[in-house]
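File shown here: entry33.cif, holding mmCIF, C-alpha atoms.
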data_data
#
loop_
_atom_site.group_PDB
_atom_site.id
_atom_site.type_symbol
_atom_site.label_atom_id
_atom_site.label_comp_id
_atom_site.auth_asym_id
_atom_site.auth_seq_id
_atom_site.Cartn_x
_atom_site.Cartn_y
_atom_site.Cartn_z
ATOM 1 C CA MET A 13 -20.303 -24.919 77.634
ATOM 2 C CA LYS A 14 -24.053 -24.485 78.158
ATOM 3 C CA LYS A 15 -24.999 -26.308 74.985
ATOM 4 C CA PRO A 16 -24.502 -29.888 76.278
ATOM 5 C CA ALA A 17 -26.884 -29.095 79.147
ATOM 6 C CA ARG A 18 -29.553 -27.827 76.738
ATOM 7 C CA LEU A 19 -29.005 -30.880 74.593
ATOM 8 C CA GLY A 20 -29.469 -33.133 77.612
ATOM 9 C CA MET A 21 -32.739 -31.421 78.487
ATOM 10 C CA GLY A 22 -33.901 -31.869 74.926
ATOM 11 C CA LEU A 23 -33.099 -35.578 74.978
ATOM 12 C CA SER A 24 -34.927 -35.934 78.270
ATOM 13 C CA ALA A 25 -38.052 -34.401 76.759
ATOM 14 C CA LEU A 26 -37.764 -36.604 73.680
ATOM 15 C CA MET A 27 -37.008 -39.917 75.274
ATOM 16 C CA GLY A 28 -39.209 -39.697 78.377
ATOM 17 C CA ASP A 29 -38.216 -37.358 81.192
ATOM 18 C CA ALA A 30 -36.702 -39.302 84.080
ATOM 19 C CA PRO A 31 -35.650 -42.491 82.258
ATOM 20 C CA ALA A 32 -33.997 -40.495 79.497
ATOM 21 C CA ALA A 33 -32.160 -38.283 81.938
ATOM 22 C CA GLN A 34 -30.775 -41.361 83.671
ATOM 23 C CA SER A 35 -29.944 -43.317 80.516
ATOM 24 C CA ALA A 36 -28.402 -40.508 78.455
ATOM 25 C CA PRO A 37 -24.617 -41.060 78.567
ATOM 26 C CA GLN A 38 -22.746 -38.234 80.246
ATOM 27 C CA ALA A 39 -20.180 -36.367 78.200
ATOM 28 C CA GLY A 40 -16.591 -36.274 79.365
ATOM 29 C CA PRO A 41 -14.305 -33.282 78.937
ATOM 30 C CA PRO A 42 -13.425 -32.251 75.378
ATOM 31 C CA ARG A 43 -10.491 -34.061 73.794
ATOM 32 C CA SER A 44 -8.774 -33.990 70.408
ATOM 33 C CA LEU A 45 -9.214 -36.638 67.731
ATOM 34 C CA PRO A 46 -7.554 -36.992 64.325
ATOM 35 C CA ILE A 47 -9.877 -35.547 61.716
ATOM 36 C CA VAL A 48 -9.447 -38.682 59.560
ATOM 37 C CA SER A 49 -10.936 -40.850 62.330
ATOM 38 C CA ILE A 50 -14.253 -38.973 62.175
ATOM 39 C CA GLU A 51 -17.056 -39.303 59.621
ATOM 40 C CA PRO A 52 -20.599 -37.931 59.201
ATOM 41 C CA GLY A 53 -23.223 -39.765 61.194
ATOM 42 C CA PRO A 54 -26.067 -41.662 59.522
ATOM 43 C CA PHE A 55 -28.698 -39.446 61.161
ATOM 44 C CA GLN A 56 -27.350 -36.035 60.121
ATOM 45 C CA PRO A 57 -30.450 -33.923 59.366
ATOM 46 C CA ARG A 58 -28.823 -30.934 57.630
ATOM 47 C CA MET A 59 -28.778 -30.461 53.886
ATOM 48 C CA GLU A 60 -25.550 -29.912 51.954
ATOM 49 C CA PRO A 61 -23.987 -26.769 53.501
ATOM 50 C CA ASP A 62 -23.650 -23.561 51.496
ATOM 51 C CA ARG A 63 -20.186 -23.505 49.920
ATOM 52 C CA GLN A 64 -19.516 -19.832 50.485
ATOM 53 C CA ALA A 65 -20.572 -20.061 54.129
ATOM 54 C CA LEU A 66 -18.356 -23.127 54.515
ATOM 55 C CA GLN A 67 -15.366 -21.246 53.094
ATOM 56 C CA GLU A 68 -16.002 -18.367 55.496
ATOM 57 C CA LEU A 69 -16.201 -20.779 58.425
ATOM 58 C CA ALA A 70 -12.979 -22.447 57.281
ATOM 59 C CA ALA A 71 -11.220 -19.065 57.215
ATOM 60 C CA SER A 72 -12.431 -18.348 60.744
ATOM 61 C CA ILE A 73 -11.297 -21.773 61.956
ATOM 62 C CA ALA A 74 -7.886 -21.311 60.342
ATOM 63 C CA GLU A 75 -7.441 -18.085 62.300
ATOM 64 C CA HIS A 76 -9.142 -18.846 65.609
ATOM 65 C CA GLY A 77 -9.500 -22.636 65.757
ATOM 66 C CA ILE A 78 -12.709 -24.545 66.545
ATOM 67 C CA LEU A 79 -14.375 -22.818 69.484
ATOM 68 C CA GLN A 80 -17.245 -25.309 69.960
ATOM 69 C CA PRO A 81 -16.237 -29.016 70.098
ATOM 70 C CA LEU A 82 -17.960 -31.517 67.813
ATOM 71 C CA LEU A 83 -20.358 -34.005 69.416
ATOM 72 C CA VAL A 84 -19.460 -37.560 68.318
ATOM 73 C CA ARG A 85 -20.110 -41.174 69.250
ATOM 74 C CA PRO A 86 -17.923 -44.267 68.748
ATOM 75 C CA LYS A 87 -18.839 -45.863 65.425
ATOM 76 C CA PRO A 88 -20.564 -49.206 66.115
ATOM 77 C CA GLY A 89 -18.347 -52.129 65.133
ATOM 78 C CA ALA A 90 -15.364 -49.978 64.118
ATOM 79 C CA ALA A 91 -12.756 -49.445 66.808
ATOM 80 C CA GLY A 92 -11.041 -46.081 66.642
ATOM 81 C CA ARG A 93 -13.692 -44.566 64.355
ATOM 82 C CA TYR A 94 -16.263 -41.942 65.354
ATOM 83 C CA GLN A 95 -19.529 -40.636 63.885
ATOM 84 C CA ILE A 96 -20.622 -37.014 64.061
ATOM 85 C CA ILE A 97 -23.825 -36.269 65.942
ATOM 86 C CA GLY A 98 -23.454 -32.488 65.959
ATOM 87 C CA GLY A 99 -20.971 -30.245 64.161
ATOM 88 C CA GLU A 100 -20.616 -31.625 60.640
ATOM 89 C CA ARG A 101 -20.133 -28.125 59.189
ATOM 90 C CA ARG A 102 -17.246 -27.482 61.575
ATOM 91 C CA TRP A 103 -15.714 -30.831 60.589
ATOM 92 C CA ARG A 104 -15.972 -30.043 56.872
ATOM 93 C CA ALA A 105 -14.608 -26.531 57.382
ATOM 94 C CA ALA A 106 -11.719 -27.916 59.448
ATOM 95 C CA GLN A 107 -10.738 -30.109 56.487
ATOM 96 C CA ILE A 108 -10.702 -27.064 54.206
ATOM 97 C CA ALA A 109 -8.565 -25.276 56.806
ATOM 98 C CA LYS A 110 -6.211 -28.310 56.707
ATOM 99 C CA LEU A 111 -6.450 -29.104 60.423
ATOM 100 C CA HIS A 112 -5.162 -32.515 61.510
ATOM 101 C CA ASP A 113 -7.060 -32.736 64.820
ATOM 102 C CA VAL A 114 -10.389 -31.364 66.063
ATOM 103 C CA PRO A 115 -11.843 -30.987 69.585
ATOM 104 C CA VAL A 116 -14.708 -33.365 70.340
ATOM 105 C CA VAL A 117 -17.038 -34.449 73.103
ATOM 106 C CA ILE A 118 -17.680 -38.202 72.975
ATOM 107 C CA ARG A 119 -20.961 -39.795 74.018
ATOM 108 C CA ASP A 120 -21.828 -43.468 73.707
ATOM 109 C CA PHE A 121 -25.270 -43.058 72.099
ATOM 110 C CA ASP A 122 -27.309 -45.868 70.559
ATOM 111 C CA ASP A 123 -28.976 -45.242 67.184
ATOM 112 C CA ARG A 124 -32.223 -43.837 68.566
ATOM 113 C CA MET A 125 -30.440 -41.511 70.981
ATOM 114 C CA ALA A 126 -28.010 -40.439 68.248
ATOM 115 C CA MET A 127 -30.894 -39.533 65.946
ATOM 116 C CA ALA A 128 -32.611 -37.526 68.680
ATOM 117 C CA ALA A 129 -29.388 -35.775 69.683
ATOM 118 C CA GLY A 130 -28.539 -34.902 66.093
ATOM 119 C CA LEU A 131 -31.951 -33.372 65.465
ATOM 120 C CA VAL A 132 -32.016 -31.426 68.725
ATOM 121 C CA GLU A 133 -28.439 -30.173 68.348
ATOM 122 C CA ASN A 134 -29.186 -29.123 64.798
ATOM 123 C CA LEU A 135 -32.332 -27.218 65.763
ATOM 124 C CA GLN A 136 -30.449 -25.302 68.453
ATOM 125 C CA ARG A 137 -28.191 -23.751 65.803
ATOM 126 C CA GLU A 138 -28.776 -20.102 64.895
ATOM 127 C CA ASP A 139 -28.012 -20.385 61.167
ATOM 128 C CA LEU A 140 -30.882 -22.664 60.128
ATOM 129 C CA ASN A 141 -33.287 -21.222 57.610
ATOM 130 C CA ALA A 142 -36.996 -21.423 58.382
ATOM 131 C CA ILE A 143 -37.647 -24.429 56.124
ATOM 132 C CA GLU A 144 -34.768 -26.459 57.579
ATOM 133 C CA GLU A 145 -36.168 -25.672 61.017
ATOM 134 C CA ALA A 146 -39.696 -26.669 60.008
ATOM 135 C CA GLU A 147 -38.485 -29.944 58.479
ATOM 136 C CA GLY A 148 -36.497 -30.706 61.636
ATOM 137 C CA PHE A 149 -39.550 -30.094 63.821
ATOM 138 C CA ALA A 150 -41.650 -32.333 61.572
ATOM 139 C CA ARG A 151 -39.097 -35.156 61.718
ATOM 140 C CA LEU A 152 -39.081 -35.057 65.513
ATOM 141 C CA ILE A 153 -42.881 -35.167 65.611
ATOM 142 C CA ASP A 154 -43.013 -38.079 63.153
ATOM 143 C CA GLN A 155 -40.135 -40.155 64.488
ATOM 144 C CA PHE A 156 -40.683 -39.679 68.229
ATOM 145 C CA GLY A 157 -44.456 -39.265 68.384
ATOM 146 C CA LEU A 158 -44.285 -35.823 69.993
ATOM 147 C CA ASN A 159 -46.989 -33.225 70.265
ATOM 148 C CA GLN A 160 -46.112 -29.564 69.831
ATOM 149 C CA GLU A 161 -45.916 -28.938 73.575
ATOM 150 C CA SER A 162 -43.338 -31.662 74.232
ATOM 151 C CA LEU A 163 -41.418 -30.665 71.107
ATOM 152 C CA ALA A 164 -41.247 -27.098 72.388
ATOM 153 C CA ARG A 165 -39.668 -28.363 75.624
ATOM 154 C CA ALA A 166 -37.243 -30.559 73.709
ATOM 155 C CA VAL A 167 -35.813 -27.785 71.538
ATOM 156 C CA GLY A 168 -36.225 -24.840 73.902
ATOM 157 C CA LYS A 169 -38.762 -22.952 71.760
ATOM 158 C CA SER A 170 -42.253 -21.644 72.435
ATOM 159 C CA ARG A 171 -45.242 -23.692 71.335
ATOM 160 C CA SER A 172 -46.439 -20.820 69.138
ATOM 161 C CA HIS A 173 -43.054 -20.739 67.392
ATOM 162 C CA ILE A 174 -43.314 -24.467 66.708
ATOM 163 C CA ALA A 175 -46.840 -24.141 65.304
ATOM 164 C CA ASN A 176 -46.052 -21.120 63.117
ATOM 165 C CA THR A 177 -42.880 -22.717 61.758
ATOM 166 C CA LEU A 178 -44.589 -26.015 60.890
ATOM 167 C CA ARG A 179 -47.203 -24.100 58.887
ATOM 168 C CA LEU A 180 -44.459 -23.067 56.442
ATOM 169 C CA LEU A 181 -44.425 -26.649 55.128
ATOM 170 C CA ASN A 182 -47.858 -25.953 53.608
ATOM 171 C CA LEU A 183 -46.352 -23.372 51.221
ATOM 172 C CA PRO A 184 -45.822 -24.300 47.545
ATOM 173 C CA PRO A 185 -42.427 -25.861 46.689
ATOM 174 C CA THR A 186 -41.189 -22.770 44.823
ATOM 175 C CA ILE A 187 -41.729 -20.565 47.871
ATOM 176 C CA ARG A 188 -40.101 -23.106 50.179
ATOM 177 C CA GLU A 189 -37.074 -23.045 47.886
ATOM 178 C CA HIS A 190 -36.927 -19.223 48.094
ATOM 179 C CA LEU A 191 -36.957 -19.555 51.871
ATOM 180 C CA ARG A 192 -34.247 -22.213 51.823
ATOM 181 C CA ALA A 193 -32.043 -20.008 49.634
ATOM 182 C CA GLY A 194 -32.601 -16.945 51.832
ATOM 183 C CA ARG A 195 -34.390 -14.940 49.144
ATOM 184 C CA LEU A 196 -37.488 -14.696 51.348
ATOM 185 C CA SER A 197 -37.604 -14.305 55.125
ATOM 186 C CA ALA A 198 -39.764 -16.259 57.558
ATOM 187 C CA GLY A 199 -41.835 -13.084 58.022
ATOM 188 C CA HIS A 200 -42.513 -12.938 54.291
ATOM 189 C CA ALA A 201 -43.448 -16.609 54.340
ATOM 190 C CA ARG A 202 -45.983 -16.131 57.137
ATOM 191 C CA ALA A 203 -47.588 -13.344 55.115
ATOM 192 C CA LEU A 204 -47.767 -15.665 52.096
ATOM 193 C CA LEU A 205 -49.595 -18.298 54.143
ATOM 194 C CA GLY A 206 -52.601 -15.998 54.208
ATOM 195 C CA ALA A 207 -52.413 -15.028 50.540
ATOM 196 C CA GLU A 208 -54.909 -16.240 47.950
ATOM 197 C CA GLU A 209 -52.175 -16.482 45.296
ATOM 198 C CA PRO A 210 -48.970 -16.997 47.293
ATOM 199 C CA GLU A 211 -46.662 -17.688 44.335
ATOM 200 C CA LYS A 212 -47.793 -14.557 42.505
ATOM 201 C CA LEU A 213 -47.292 -12.470 45.649
ATOM 202 C CA ALA A 214 -43.869 -14.060 46.251
ATOM 203 C CA THR A 215 -42.790 -12.955 42.771
ATOM 204 C CA GLN A 216 -43.885 -9.399 43.564
ATOM 205 C CA ILE A 217 -41.993 -9.459 46.865
ATOM 206 C CA LEU A 218 -38.810 -10.539 45.097
ATOM 207 C CA THR A 219 -39.040 -8.218 42.097
ATOM 208 C CA ARG A 220 -40.125 -5.131 44.067
ATOM 209 C CA GLY A 221 -38.150 -5.784 47.242
ATOM 210 C CA LEU A 222 -41.230 -5.556 49.461
ATOM 211 C CA SER A 223 -40.915 -5.466 53.245
ATOM 212 C CA VAL A 224 -42.773 -7.931 55.469
ATOM 213 C CA ARG A 225 -45.350 -5.240 56.363
ATOM 214 C CA GLN A 226 -45.944 -4.476 52.694
ATOM 215 C CA ALA A 227 -46.324 -8.200 51.926
ATOM 216 C CA GLU A 228 -48.843 -8.576 54.771
ATOM 217 C CA ALA A 229 -50.841 -5.620 53.462
ATOM 218 C CA MET A 230 -50.889 -7.027 49.929
ATOM 219 C CA ALA A 231 -51.945 -10.465 51.169
ATOM 220 C CA ALA A 232 -54.800 -8.920 53.152
ATOM 221 C CA ALA A 233 -55.916 -6.912 50.118
ATOM 222 C CA GLN A 234 -56.141 -9.898 47.768
ATOM 223 C CA PRO A 235 -59.716 -10.990 46.933
ATOM 224 C CA LYS A 236 -60.765 -14.045 48.880
ATOM 225 C CA ASN A 237 -61.931 -17.217 47.154
ATOM 226 C CA PRO A 238 -64.571 -18.997 49.314
ATOM 227 C CA GLU A 239 -63.628 -22.364 47.803
ATOM 228 C CA ALA A 240 -59.967 -21.816 48.677
ATOM 229 C CA ARG A 241 -60.876 -20.872 52.238
ATOM 230 C CA ARG A 242 -62.528 -24.258 52.663
ATOM 231 C CA THR A 243 -59.316 -26.062 51.669
ATOM 232 C CA ASN A 244 -57.907 -27.949 54.634
ATOM 233 C CA PRO A 245 -54.188 -27.791 55.489
ATOM 234 C CA LYS A 246 -52.154 -30.882 54.776
ATOM 235 C CA ASP A 247 -52.537 -33.667 57.298
ATOM 236 C CA SER A 248 -49.573 -35.219 59.080
ATOM 237 C CA ASP A 249 -49.634 -38.328 56.843
ATOM 238 C CA THR A 250 -49.291 -36.221 53.688
ATOM 239 C CA LEU A 251 -46.470 -34.154 55.192
ATOM 240 C CA ALA A 252 -44.700 -37.327 56.301
ATOM 241 C CA LEU A 253 -44.988 -38.808 52.802
ATOM 242 C CA GLU A 254 -43.556 -35.601 51.291
ATOM 243 C CA ARG A 255 -40.564 -35.825 53.636
ATOM 244 C CA GLN A 256 -40.026 -39.502 52.835
ATOM 245 C CA LEU A 257 -39.987 -38.690 49.128
ATOM 246 C CA LEU A 258 -37.600 -35.803 49.790
ATOM 247 C CA GLU A 259 -35.193 -38.173 51.550
ATOM 248 C CA ARG A 260 -35.565 -40.787 48.805
ATOM 249 C CA LEU A 261 -35.263 -38.473 45.794
ATOM 250 C CA GLY A 262 -33.220 -35.615 47.223
ATOM 251 C CA LEU A 263 -35.794 -33.255 45.663
ATOM 252 C CA HIS A 264 -38.685 -31.288 47.110
ATOM 253 C CA VAL A 265 -42.066 -32.965 46.607
ATOM 254 C CA ALA A 266 -45.530 -31.454 47.120
ATOM 255 C CA ILE A 267 -48.684 -33.560 47.287
ATOM 256 C CA LYS A 268 -52.123 -31.996 46.807
ATOM 257 C CA HIS A 269 -55.442 -33.852 47.183
ATOM 258 C CA PHE A 270 -58.438 -32.984 45.013
ATOM 259 C CA GLY A 271 -61.340 -35.207 46.037
ATOM 260 C CA LYS A 272 -60.423 -38.784 45.130
ATOM 261 C CA GLY A 273 -57.477 -37.686 42.992
ATOM 262 C CA GLY A 274 -54.616 -35.284 43.409
ATOM 263 C CA GLN A 275 -51.305 -33.968 42.165
ATOM 264 C CA VAL A 276 -47.650 -34.708 42.939
ATOM 265 C CA THR A 277 -45.152 -31.942 42.119
ATOM 266 C CA ILE A 278 -41.413 -32.633 42.088
ATOM 267 C CA SER A 279 -39.167 -29.544 41.997
ATOM 268 C CA TYR A 280 -35.582 -29.497 40.733
ATOM 269 C CA ASN A 281 -32.964 -26.727 40.777
ATOM 270 C CA ASP A 282 -30.876 -27.612 37.721
ATOM 271 C CA LEU A 283 -30.627 -30.045 34.807
ATOM 272 C CA ASP A 284 -28.344 -32.384 36.752
ATOM 273 C CA GLN A 285 -31.102 -32.939 39.309
ATOM 274 C CA LEU A 286 -33.604 -33.477 36.483
ATOM 275 C CA ASP A 287 -31.302 -36.057 34.867
ATOM 276 C CA GLY A 288 -30.968 -37.864 38.191
ATOM 277 C CA LEU A 289 -34.743 -37.941 38.613
ATOM 278 C CA ILE A 290 -35.201 -39.325 35.081
ATOM 279 C CA ARG A 291 -32.683 -42.089 35.792
ATOM 280 C CA LEU A 292 -34.656 -43.046 38.910
ATOM 281 C CA LEU A 293 -38.016 -43.063 37.138
ATOM 282 C CA MET A 294 -36.805 -44.486 33.802
ATOM 283 C CA PRO A 295 -33.789 -46.727 34.563
ATOM 284 C CA GLU A 296 -33.862 -48.237 31.071
ATOM 285 C CA ALA A 297 -33.886 -44.856 29.315
#

Show me the file's structure as structure tokens.
Amino acid sequence: MKKPARLGMGLSALMGDAPAAQSAPQAGPPRSLPIVSIEPGPFQPRMEPDRQALQELAASIAEHGILQPLLVRPKPGAAGRYQIIGGERRWRAAQIAKLHDVPVVIRDFDDRMAMAAGLVENLQREDLNAIEEAEGFARLIDQFGLNQESLARAVGKSRSHIANTLRLLNLPPTIREHLRAGRLSAGHARALLGAEEPEKLATQILTRGLSVRQAEAMAAAQPKNPEARRTNPKDSDTLALERQLLERLGLHVAIKHFGKGGQVTISYNDLDQLDGLIRLLMPEA
């Protein structure tokens, strides 16, 4: 039952300490709601959950029940309906487990508070991969005008953890996808940040099964390109535009600037995603 308190502290840091603490609606005791009366919230920051992990969670719920209540709010303009702020995976797994009711904590959040609560609750989970975490941090910075210090207070992390995690968004799209899929660890990714040819080194890590220490040693041994060292990391506007395109297209987008020009790279995982992208770009095709 400590999580609601941490969430409240996070909202206070996001929304402005004392006013937020006073205005954040207090949660009542957990109660049960019919699963059919609940739906995903419009501010859910997580990607589509892994199917195998969802099946495993459903099996656990079928045996032990839901141990952590969902956080929901009344759906605006729809009496008897509720939107999920935190716990969408548990809700989906409960449907697979064929539960009729789920435990919830209800809070009467407005849209801005619901967005903040959803992001903070999501970032306090232990099963996020490093890229999901980095994207969540970036959204909080963009949407609530936070600096890294206030973000660290909001999510209960150190400032150095925030800074190191955000740097992962500067990696090429292929490496970010390896991170998202769990093929590379956050330690590997930090080693790749210092590599002259990160994609080439990532391939070696995957094919040879290199440890983080081995990856760091190989990155340090790569010849340095003075021109590459002068390349500046992406600014916040570029990162924000990449995230906006991600939300619009559902695909990972990387933007690189070269003087007055640049390059936009859109990555897809399968032919269905490519077909969807073509339909967006060429609706008459």

> Nearest to Ser49 of chain A: which of A:Glu75, A:Glu254, A:Asp154, A:Asp113 is it, counting all atoms listed in the file?
Replying inline: A:Asp113

> Using only C-alpha atoms, which of A:His200, A:Arg195, A:Arg151, A:Arg124 sits nearest Leu180 of chain A?
Replying inline: A:His200

> Taking the file as shown, what set of residues would the PyMOL selection byres ((chain A and resi 269) around 12) give back, as number ranges by chain?
Replying inline: A: 243-247, 250, 266-268, 270-277

>> Under the PyMOL selection byres ((chain A and resi 96) around 7), which residues of this model are included? Write them out as number ranges by chain.
In response: A: 50-53, 83-85, 94-95, 97-100

>> Quick check on the file I pasted: which residues fall under the PyMOL selection byres ((chain A and resi 183-192) around 7)? Write them as a PyMOL selection string.
In response: chain A and resi 141-143+180-182+193-197+205+211+264+266+279

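For the choices A:Met230, A:Ile78, A:Leu292, A:Leu178, the atom-to-atom distance to Ala106 of chain A is smallest for A:Ile78 when using all atoms listed in the file.
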
> Residues at most 9 Å from Glu209 of chain A, counting all atoms listed in the file, excluding those fewer than 4 positions away in the same chain, as number ranges by chain?
Replying inline: A: 204, 213-214, 231, 234
